[in-house]
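Participant: Input entry-v6.cif, format and content: mmCIF, C-alpha atoms and all ligand atoms.
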```cif
data_input
loop_
_atom_site.label_atom_id
_atom_site.label_comp_id
_atom_site.auth_asym_id
_atom_site.auth_seq_id
_atom_site.Cartn_x
_atom_site.Cartn_y
_atom_site.Cartn_z
CA MET D 1 -10.10 -17.34 142.81
CA PRO D 2 -7.98 -16.86 139.65
CA HIS D 3 -9.13 -18.51 136.44
CA TYR D 4 -6.85 -19.41 133.49
CA PRO D 5 -8.14 -17.10 130.76
CA SER D 6 -7.25 -19.21 127.69
CA MET D 7 -8.45 -22.53 126.27
CA VAL D 8 -6.81 -25.55 127.93
CA ASN D 9 -5.68 -27.88 125.20
CA SER D 10 -5.99 -31.13 127.14
CA LYS D 11 -3.42 -33.86 126.57
CA LEU D 12 -5.95 -36.40 127.78
CA PRO D 13 -9.31 -35.11 126.50
CA ALA D 14 -11.09 -38.43 127.00
CA VAL D 15 -10.12 -38.81 130.67
CA LYS D 16 -12.88 -38.00 133.14
CA THR D 17 -13.20 -38.42 136.92
CA SER D 18 -12.61 -42.12 137.45
CA ILE D 19 -15.54 -44.42 138.13
CA PHE D 20 -13.80 -45.42 141.36
CA SER D 21 -14.16 -41.88 142.71
CA VAL D 22 -17.68 -41.60 141.31
CA MET D 23 -18.88 -44.85 142.93
CA SER D 24 -17.17 -44.11 146.23
CA ARG D 25 -18.75 -40.65 146.35
CA LEU D 26 -22.15 -42.16 145.58
CA ALA D 27 -21.59 -44.84 148.24
CA ASN D 28 -20.85 -42.10 150.79
CA GLU D 29 -23.87 -40.03 149.78
CA CYS D 30 -26.16 -43.07 150.01
CA ASN D 31 -24.49 -44.47 153.11
CA ALA D 32 -23.94 -47.68 151.13
CA ILE D 33 -21.48 -50.48 151.85
CA ASN D 34 -18.58 -49.70 149.57
CA LEU D 35 -17.28 -52.83 147.85
CA SER D 36 -16.27 -50.79 144.81
CA GLN D 37 -12.76 -49.59 145.56
CA GLY D 38 -9.93 -52.06 145.69
CA PHE D 39 -8.40 -51.59 149.09
CA PRO D 40 -8.51 -53.59 152.32
CA GLY D 41 -11.12 -52.64 154.87
CA PHE D 42 -8.79 -53.79 157.67
CA ASP D 43 -5.48 -52.56 158.96
CA CYS D 44 -1.95 -53.72 158.21
CA SER D 45 0.18 -55.53 160.77
CA PRO D 46 0.98 -53.48 163.92
CA GLU D 47 4.51 -54.87 163.65
CA LEU D 48 4.97 -53.12 160.31
CA ILE D 49 3.72 -49.84 161.79
CA SER D 50 6.16 -50.21 164.73
CA LEU D 51 9.00 -50.80 162.28
CA VAL D 52 8.19 -47.59 160.37
CA GLU D 53 8.11 -45.72 163.68
CA LYS D 54 11.41 -47.29 164.71
CA TYR D 55 13.15 -46.04 161.58
CA MET D 56 11.53 -42.61 161.79
CA ARG D 57 12.77 -42.25 165.38
CA LYS D 58 16.20 -43.40 164.26
CA GLY D 59 16.27 -40.26 162.15
CA LEU D 60 15.98 -41.95 158.75
CA ASN D 61 13.73 -39.20 157.45
CA GLN D 62 15.65 -37.73 154.53
CA TYR D 63 15.90 -38.71 150.85
CA ALA D 64 16.59 -42.37 150.14
CA PRO D 65 19.05 -43.35 147.40
CA MET D 66 17.47 -42.89 143.95
CA PRO D 67 16.94 -46.62 143.17
CA GLY D 68 15.80 -47.40 146.72
CA VAL D 69 17.30 -48.27 150.11
CA TYR D 70 19.88 -50.99 149.44
CA GLU D 71 18.63 -53.25 152.25
CA LEU D 72 15.17 -53.30 150.68
CA ARG D 73 16.49 -54.03 147.20
CA GLU D 74 18.50 -56.87 148.72
CA ALA D 75 15.44 -58.26 150.52
CA ILE D 76 13.46 -58.06 147.24
CA ALA D 77 16.25 -59.94 145.44
CA GLU D 78 16.18 -62.67 148.12
CA LYS D 79 12.40 -63.01 147.93
CA THR D 80 12.49 -63.15 144.12
CA ALA D 81 15.18 -65.83 144.14
CA ALA D 82 13.36 -67.88 146.78
CA LEU D 83 9.99 -67.74 145.00
CA TYR D 84 10.92 -67.88 141.34
CA GLY D 85 14.49 -69.19 141.30
CA VAL D 86 15.88 -66.16 139.44
CA SER D 87 18.53 -63.81 140.73
CA TYR D 88 18.21 -60.08 140.19
CA ASP D 89 21.09 -57.78 141.09
CA PRO D 90 19.96 -55.21 143.69
CA GLU D 91 22.56 -52.78 142.36
CA ASN D 92 21.37 -52.59 138.76
CA GLU D 93 18.18 -54.56 138.25
CA ILE D 94 15.78 -53.57 141.06
CA THR D 95 14.21 -50.15 141.70
CA VAL D 96 11.86 -49.21 144.53
CA THR D 97 8.91 -47.09 143.38
CA SER D 98 6.18 -45.00 144.97
CA GLY D 99 3.54 -47.62 144.23
CA ALA D 100 3.00 -49.85 141.22
CA THR D 101 1.25 -47.05 139.31
CA GLN D 102 4.44 -45.00 139.36
CA GLY D 103 6.39 -48.05 138.22
CA LEU D 104 4.02 -48.60 135.30
CA PHE D 105 4.08 -44.92 134.30
CA THR D 106 7.86 -44.77 134.56
CA ALA D 107 8.39 -47.91 132.47
CA ILE D 108 5.99 -46.70 129.77
CA SER D 109 7.52 -43.19 129.69
CA ALA D 110 11.02 -44.67 129.48
CA LEU D 111 10.34 -47.10 126.65
CA VAL D 112 7.53 -45.77 124.47
CA LYS D 113 8.21 -43.17 121.78
CA ASP D 114 6.02 -41.32 119.28
CA GLY D 115 4.26 -43.77 117.00
CA ASP D 116 5.08 -46.88 119.02
CA GLU D 117 2.23 -49.32 119.52
CA VAL D 118 1.44 -50.74 122.93
CA ILE D 119 -0.89 -53.72 123.26
CA ILE D 120 -3.33 -53.35 126.14
CA ILE D 121 -5.50 -56.32 127.03
CA GLU D 122 -9.04 -55.37 128.04
CA PRO D 123 -10.71 -55.20 130.48
CA ALA D 124 -7.66 -53.30 131.75
CA TYR D 125 -6.47 -51.38 134.78
CA ASP D 126 -7.17 -47.73 134.05
CA SER D 127 -3.67 -46.24 134.28
CA TYR D 128 -2.15 -48.07 131.29
CA ALA D 129 -3.72 -46.22 128.35
CA PRO D 130 -3.25 -42.61 129.59
CA ALA D 131 0.43 -43.35 130.30
CA VAL D 132 0.86 -44.70 126.76
CA GLU D 133 -0.90 -41.68 125.24
CA LEU D 134 1.16 -39.18 127.24
CA ALA D 135 4.31 -40.90 125.96
CA GLY D 136 3.10 -40.41 122.37
CA GLY D 137 2.34 -44.10 121.88
CA THR D 138 -0.75 -45.66 120.37
CA PRO D 139 -2.73 -48.11 122.50
CA VAL D 140 -3.75 -51.18 120.51
CA TYR D 141 -6.57 -52.91 122.35
CA PHE D 142 -7.26 -56.62 122.56
CA GLN D 143 -10.39 -57.97 124.25
CA LEU D 144 -10.40 -61.06 126.43
CA ASN D 145 -13.21 -63.55 125.96
CA ALA D 146 -16.28 -61.77 127.40
CA LEU D 147 -17.55 -64.82 129.29
CA ASP D 148 -14.53 -66.24 131.10
CA TYR D 149 -11.81 -63.65 130.35
CA SER D 150 -9.55 -66.23 128.72
CA ILE D 151 -7.29 -65.17 125.86
CA ASN D 152 -7.43 -66.32 122.26
CA TRP D 153 -3.74 -66.42 121.34
CA GLU D 154 -4.39 -66.90 117.63
CA ALA D 155 -6.34 -63.65 117.51
CA PHE D 156 -3.84 -61.91 119.78
CA ARG D 157 -0.94 -62.79 117.49
CA LYS D 158 -2.53 -60.79 114.67
CA LEU D 159 -2.18 -57.55 116.62
CA ILE D 160 1.58 -57.73 116.77
CA SER D 161 3.29 -55.50 114.21
CA LEU D 162 6.74 -54.10 113.55
CA ARG D 163 5.67 -51.04 115.55
CA THR D 164 4.71 -53.02 118.68
CA ARG D 165 7.02 -51.75 121.41
CA LEU D 166 5.34 -53.02 124.53
CA ILE D 167 2.77 -55.59 125.59
CA ILE D 168 1.19 -54.97 128.98
CA ILE D 169 0.00 -58.06 130.81
CA ASN D 170 -1.62 -58.50 134.22
CA THR D 171 -2.00 -61.78 136.07
CA PRO D 172 -3.75 -62.30 138.50
CA HIS D 173 -6.05 -59.96 136.64
CA ASN D 174 -7.93 -56.90 137.79
CA PRO D 175 -10.91 -56.71 137.28
CA SER D 176 -11.80 -60.28 136.26
CA GLY D 177 -9.85 -62.24 138.89
CA SER D 178 -8.71 -64.66 136.18
CA VAL D 179 -5.13 -65.95 136.15
CA TRP D 180 -2.89 -67.10 133.33
CA ASN D 181 -1.48 -70.61 133.38
CA ALA D 182 1.92 -71.82 132.20
CA ALA D 183 0.56 -72.52 128.71
CA ASP D 184 -0.54 -68.87 128.37
CA MET D 185 2.92 -67.69 129.35
CA GLN D 186 4.52 -70.08 126.88
CA GLN D 187 2.27 -68.73 124.12
CA LEU D 188 3.40 -65.21 124.92
CA GLU D 189 7.01 -66.32 125.12
CA LYS D 190 6.75 -67.79 121.61
CA LEU D 191 5.10 -64.67 120.20
CA VAL D 192 7.73 -62.22 121.41
CA HIS D 193 10.74 -64.43 120.78
CA LYS D 194 13.15 -62.82 118.30
CA THR D 195 11.29 -59.48 118.34
CA ASP D 196 12.26 -56.22 120.09
CA ILE D 197 9.06 -56.21 122.11
CA VAL D 198 9.26 -55.56 125.85
CA VAL D 199 6.68 -57.14 128.15
CA LEU D 200 5.45 -54.97 131.01
CA SER D 201 4.16 -57.47 133.53
CA ASP D 202 1.83 -56.07 136.17
CA GLU D 203 2.05 -58.64 138.97
CA VAL D 204 0.70 -56.60 141.86
CA TYR D 205 -1.56 -59.50 142.92
CA GLU D 206 1.23 -62.11 142.77
CA HIS D 207 0.46 -63.27 146.34
CA ILE D 208 -3.32 -63.25 146.02
CA ILE D 209 -3.95 -66.47 144.13
CA PHE D 210 -6.12 -69.40 145.16
CA ASP D 211 -6.78 -73.13 145.05
CA GLU D 212 -3.10 -74.16 145.24
CA GLN D 213 -2.27 -72.54 141.90
CA ALA D 214 1.26 -71.21 141.48
CA HIS D 215 1.53 -67.63 140.25
CA GLN D 216 2.88 -67.75 136.70
CA SER D 217 5.26 -64.83 136.86
CA VAL D 218 7.18 -63.95 133.70
CA LEU D 219 10.16 -64.67 135.95
CA ARG D 220 9.53 -68.40 135.57
CA PHE D 221 10.09 -68.17 131.80
CA PRO D 222 13.69 -67.18 131.02
CA LYS D 223 12.97 -66.06 127.45
CA LEU D 224 10.20 -63.81 128.75
CA ALA D 225 12.14 -62.56 131.76
CA GLU D 226 14.97 -61.33 129.54
CA ARG D 227 12.57 -58.89 127.87
CA SER D 228 10.29 -58.04 130.78
CA ILE D 229 9.84 -55.38 133.38
CA ILE D 230 7.98 -56.76 136.40
CA ILE D 231 5.89 -54.49 138.60
CA SER D 232 4.88 -55.37 142.15
CA SER D 233 3.10 -53.51 144.95
CA PHE D 234 3.65 -53.65 148.71
CA GLY D 235 0.26 -51.99 149.05
CA LYS D 236 -1.52 -55.16 147.88
CA THR D 237 0.78 -57.58 149.69
CA PHE D 238 0.89 -55.94 153.12
CA HIS D 239 -2.54 -54.19 153.26
CA THR D 240 -0.91 -50.76 152.93
CA THR D 241 -2.34 -49.29 149.71
CA GLY D 242 -2.17 -45.79 151.24
CA TRP D 243 1.60 -45.96 151.58
CA LYS D 244 2.04 -46.19 147.79
CA MET D 245 5.12 -48.39 147.79
CA GLY D 246 6.12 -50.87 145.10
CA TYR D 247 9.06 -52.10 143.12
CA CYS D 248 10.21 -53.00 139.68
CA LEU D 249 12.57 -55.69 138.32
CA GLY D 250 14.19 -55.81 134.92
CA PRO D 251 17.35 -56.53 132.94
CA GLU D 252 20.06 -53.94 133.52
CA ASN D 253 19.80 -52.24 130.12
CA LEU D 254 16.04 -51.74 130.54
CA MET D 255 16.43 -50.72 134.19
CA GLN D 256 18.95 -48.04 133.22
CA GLU D 257 16.33 -46.38 131.02
CA PHE D 258 13.69 -46.86 133.71
CA ARG D 259 15.88 -45.09 136.27
CA LYS D 260 16.52 -42.13 133.96
CA VAL D 261 12.81 -41.32 134.16
CA HIS D 262 12.40 -42.42 137.78
CA GLN D 263 15.01 -39.96 139.01
CA PHE D 264 13.20 -36.98 137.52
CA LEU D 265 9.69 -38.16 138.27
CA VAL D 266 10.04 -38.88 142.00
CA PHE D 267 13.81 -39.21 142.52
CA SER D 268 13.25 -41.63 145.40
CA SER D 269 10.52 -43.12 147.62
CA ASN D 270 9.65 -42.90 151.29
CA THR D 271 12.77 -43.64 153.36
CA PRO D 272 11.57 -44.98 156.76
CA ILE D 273 8.95 -47.19 155.08
CA GLN D 274 11.66 -48.71 152.87
CA TYR D 275 13.75 -49.63 155.91
CA ALA D 276 10.69 -51.06 157.62
CA LEU D 277 9.74 -53.13 154.56
CA ALA D 278 13.32 -54.42 154.27
CA GLU D 279 13.10 -55.84 157.78
CA TYR D 280 9.50 -57.09 157.46
CA LEU D 281 10.18 -58.84 154.16
CA LYS D 282 12.85 -61.03 155.77
CA SER D 283 10.11 -63.18 157.37
CA SER D 284 8.57 -65.02 154.45
CA GLU D 285 5.44 -65.92 156.45
CA HIS D 286 4.42 -62.27 156.01
CA TYR D 287 3.57 -62.94 152.38
CA GLU D 288 3.34 -66.73 152.25
CA GLY D 289 0.16 -66.63 154.36
CA LEU D 290 -1.62 -64.28 151.98
CA PRO D 291 -3.22 -66.82 149.60
CA ALA D 292 -4.83 -68.69 152.52
CA PHE D 293 -5.95 -65.46 154.18
CA TYR D 294 -7.67 -64.16 151.05
CA GLN D 295 -8.97 -67.56 149.98
CA ALA D 296 -10.88 -67.78 153.28
CA LYS D 297 -12.35 -64.34 152.51
CA ARG D 298 -13.23 -65.35 148.96
CA ASP D 299 -14.94 -68.51 150.21
CA PHE D 300 -16.87 -66.54 152.81
CA PHE D 301 -17.98 -64.04 150.15
CA VAL D 302 -18.96 -66.80 147.72
CA ASP D 303 -21.00 -68.66 150.38
CA VAL D 304 -22.91 -65.52 151.27
CA PHE D 305 -23.45 -64.27 147.71
CA ARG D 306 -24.54 -67.66 146.37
CA GLN D 307 -27.72 -67.01 148.36
CA THR D 308 -28.51 -64.02 146.11
CA LYS D 309 -29.89 -64.12 142.54
CA PHE D 310 -26.48 -63.27 141.07
CA THR D 311 -24.48 -66.03 139.43
CA LEU D 312 -20.76 -66.36 139.98
CA LYS D 313 -17.67 -68.43 139.38
CA PRO D 314 -15.27 -68.23 142.35
CA THR D 315 -12.43 -65.91 141.49
CA ALA D 316 -9.01 -67.49 140.86
CA GLY D 317 -6.90 -64.58 142.08
CA THR D 318 -6.95 -60.91 143.29
CA TYR D 319 -9.40 -59.69 145.93
CA PHE D 320 -12.15 -59.11 143.41
CA GLN D 321 -15.17 -61.28 142.68
CA LEU D 322 -17.33 -60.77 139.60
CA LEU D 323 -21.07 -61.25 139.91
CA ASP D 324 -23.26 -61.82 136.85
CA TYR D 325 -26.65 -60.10 137.01
CA SER D 326 -28.03 -61.17 133.62
CA HIS D 327 -30.83 -63.15 135.34
CA ILE D 328 -31.85 -60.11 137.36
CA SER D 329 -31.96 -57.11 135.03
CA ASP D 330 -31.56 -55.83 131.46
CA GLU D 331 -30.08 -52.52 132.59
CA THR D 332 -26.56 -51.58 131.50
CA ASP D 333 -23.97 -52.50 134.09
CA THR D 334 -23.41 -48.85 135.05
CA GLU D 335 -27.15 -48.20 135.47
CA PHE D 336 -27.47 -51.36 137.51
CA ALA D 337 -24.43 -50.59 139.72
CA VAL D 338 -25.75 -47.08 140.40
CA ARG D 339 -29.21 -48.45 141.25
CA LEU D 340 -27.75 -51.07 143.61
CA THR D 341 -25.85 -48.34 145.43
CA ARG D 342 -28.87 -46.00 145.66
CA GLU D 343 -31.68 -48.45 146.33
CA ILE D 344 -30.04 -51.46 147.96
CA GLY D 345 -27.04 -49.81 149.61
CA VAL D 346 -24.13 -51.78 148.13
CA ALA D 347 -21.57 -50.17 145.80
CA SER D 348 -19.63 -52.12 143.14
CA ILE D 349 -17.84 -51.34 139.86
CA PRO D 350 -19.41 -52.06 136.44
CA ILE D 351 -16.97 -53.97 134.23
CA SER D 352 -17.68 -51.93 131.08
CA VAL D 353 -15.58 -49.06 132.50
CA PHE D 354 -12.45 -51.17 132.06
CA TYR D 355 -12.83 -50.94 128.25
CA HIS D 356 -11.85 -47.95 126.10
CA LYS D 357 -15.05 -48.11 124.07
CA LYS D 358 -18.64 -48.88 124.85
CA THR D 359 -18.82 -52.58 125.73
CA LYS D 360 -21.81 -54.55 126.89
CA SER D 361 -21.28 -56.48 130.09
CA SER D 362 -23.46 -58.06 132.73
CA HIS D 363 -20.69 -58.30 135.31
CA LEU D 364 -20.10 -56.19 138.39
CA ARG D 365 -16.84 -56.26 140.35
CA PHE D 366 -17.00 -56.54 144.13
CA CYS D 367 -13.94 -56.18 146.39
CA PHE D 368 -13.94 -58.79 149.18
CA ALA D 369 -10.90 -57.42 151.04
CA LYS D 370 -13.31 -56.29 153.75
CA ASN D 371 -14.34 -57.46 157.20
CA ASN D 372 -16.65 -60.49 157.16
CA GLU D 373 -19.43 -58.55 158.96
CA GLU D 374 -19.44 -56.01 156.16
CA LEU D 375 -19.46 -58.73 153.47
CA GLU D 376 -22.30 -60.53 155.25
CA LYS D 377 -24.33 -57.33 155.55
CA ALA D 378 -23.79 -56.59 151.84
CA GLY D 379 -24.93 -60.12 150.96
CA GLU D 380 -28.05 -59.79 153.10
CA LEU D 381 -28.95 -56.51 151.41
CA LEU D 382 -28.51 -58.03 147.95
CA MET D 383 -30.70 -61.02 148.85
CA LYS D 384 -33.61 -58.54 148.72
CA LEU D 385 -33.22 -58.29 144.94
C1 LIG T 1 -3.71 -54.25 138.21
C2 LIG T 1 -3.23 -53.14 139.10
N1 LIG T 1 -2.04 -52.58 138.83
C3 LIG T 1 -1.55 -51.59 139.58
C4 LIG T 1 -2.25 -51.10 140.67
C5 LIG T 1 -1.68 -49.97 141.45
O1 LIG T 1 -0.97 -50.32 142.58
P1 LIG T 1 -0.38 -49.21 143.55
O2 LIG T 1 -1.46 -48.83 144.50
O3 LIG T 1 0.78 -49.86 144.22
O4 LIG T 1 0.02 -48.05 142.70
C6 LIG T 1 -3.50 -51.65 140.97
C7 LIG T 1 -4.29 -51.11 142.09
O5 LIG T 1 -5.48 -51.26 142.18
C8 LIG T 1 -4.00 -52.70 140.17
O6 LIG T 1 -5.19 -53.26 140.42
#
```
Since I need it in another form, could you write the structure as structure tokens?
Ligand SMILES: Cc1ncc(COP(=O)(O)O)c(C=O)c1O
Facilitator:
Amino acid sequence: MPHYPSMVNSKLPAVKTSIFSVMSRLANECNAINLSQGFPGFDCSPELISLVEKYMRKGLNQYAPMPGVYELREAIAEKTAALYGVSYDPENEITVTSGATQGLFTAISALVKDGDEVIIIEPAYDSYAPAVELAGGTPVYFQLNALDYSINWEAFRKLISLRTRLIIINTPHNPSGSVWNAADMQQLEKLVHKTDIVVLSDEVYEHIIFDEQAHQSVLRFPKLAERSIIISSFGKTFHTTGWKMGYCLGPENLMQEFRKVHQFLVFSSNTPIQYALAEYLKSSEHYEGLPAFYQAKRDFFVDVFRQTKFTLKPTAGTYFQLLDYSHISDETDTEFAVRLTREIGVASIPISVFYHKKTKSSHLRFCFAKNNEELEKAGELLMKL
């Protein structure tokens, strides 16, 4: 096997194998129930699979147009208008991406230059910071309240400078499951008003929100929408994370820049899946039923896990539930998560890994997008603690 004979000068020296891979590998080795990785443990709708097959057999197997199949962009525009009352032009303001991660990376690469500051709110999804660093930007980190993951807007305001180019937000929030309310969005709207700041709004869990709350998309706030790029993921909405399909909305002048990068990064996304999604998206019940579906799972999980020694507050959105183990152990969250996987047989993710620097936490993140039998089994195992 050949070996590169020189020193590799890494562009991302701090990046290591992600904890998600580490915990999943450990879960496999220990034959543990894997509630660490965020993907559904059940299949997507057979109707959606038949639609993909239909379009493959129709011969729609070559490159799609660069911004996405028009029918899909049109269906996204209709859904956006119906849900949030805003119209986005499929021609110039909507782009289909190969998953939300590609959308995030593309937006950051397109907008961030050397020396620009990007505010990242922690705990944060792990792809934001490396994308900012590769673009030459400087991540500026802000920590949510460690107990309930709420945001102190007074403190947040102090981070904004003349060099702030982008603020990345995420509601419903991975990993905490917290959601922002209208007052939070109004605070943000006020802070960025009359600046050049762009808001990158990661809304991949827009349809996974509970207890009759309405998702507070930036789209509901005109002064925010005019300076925002919105990222969504079909993987989360239709239980198809392995298809890596998502989309992005934004004002035309921002979308033009986004597409300049998009066309050289991927050029276009999977063609037959786009046609299938265009047809599937026309029936709104395919996404309108999602809050009730996942709320039933959350409630099942909460009922089972309340019988353990963990403490919890039912999650407000996403398919993640945090469990607090401070009554059970003094170990660090990573030590404790590893021990639970090895000795008890249930894998989770320690929250400290969602921070760029060492942070103390007594919360573990469990994914409840799994079959009830598996959730029940995991609960029974953890009752032994
Ligand atoms: C907050 C957040 N953003 C983006 C993504 C990535 O979505 P996709 O799989 O469509 O790239 C995830 C996936 O876990 C996520 O949790």
Participant: Mind listing the residues within 10 Å of ligand LIG 1 (chain T), all atoms listed in the file counted, as a PyMOL selection string?
Facilitator: chain D and resi 37-39+97-105+124-128+169-175+201-205+231-237+240-247+318-320
Participant: Between D:Lys377, D:His207, D:His193, D:Arg25, single out the one closest to Ala292 (chain D), counting all atoms listed in the file.
Facilitator: D:His207
Participant: Mind listing as a VMD selection string all residues within 12 Å of (-7.8, -50.7, 122.4), counting all atoms listed in the file?
Facilitator: chain D and resid 117 to 124 128 to 130 132 to 133 138 to 144 159 168 354 to 359
Participant: Between CA of Leu281 (chain D) and CA of Asp89 (chain D), what is the distance in Å, rounded to a tenth?
Facilitator: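 Between CA of Leu281 (chain D) and CA of Asp89 (chain D) the gap is 17.1 Å.
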Participant: Between D:Met23, D:Ile49, D:Ile197, D:Val218, single out the one closest to Leu277 (chain D), counting all atoms listed in the file.
Facilitator: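 Among D:Met23, D:Ile49, D:Ile197, D:Val218, it is D:Ile49 that comes nearest to Leu277 (chain D).
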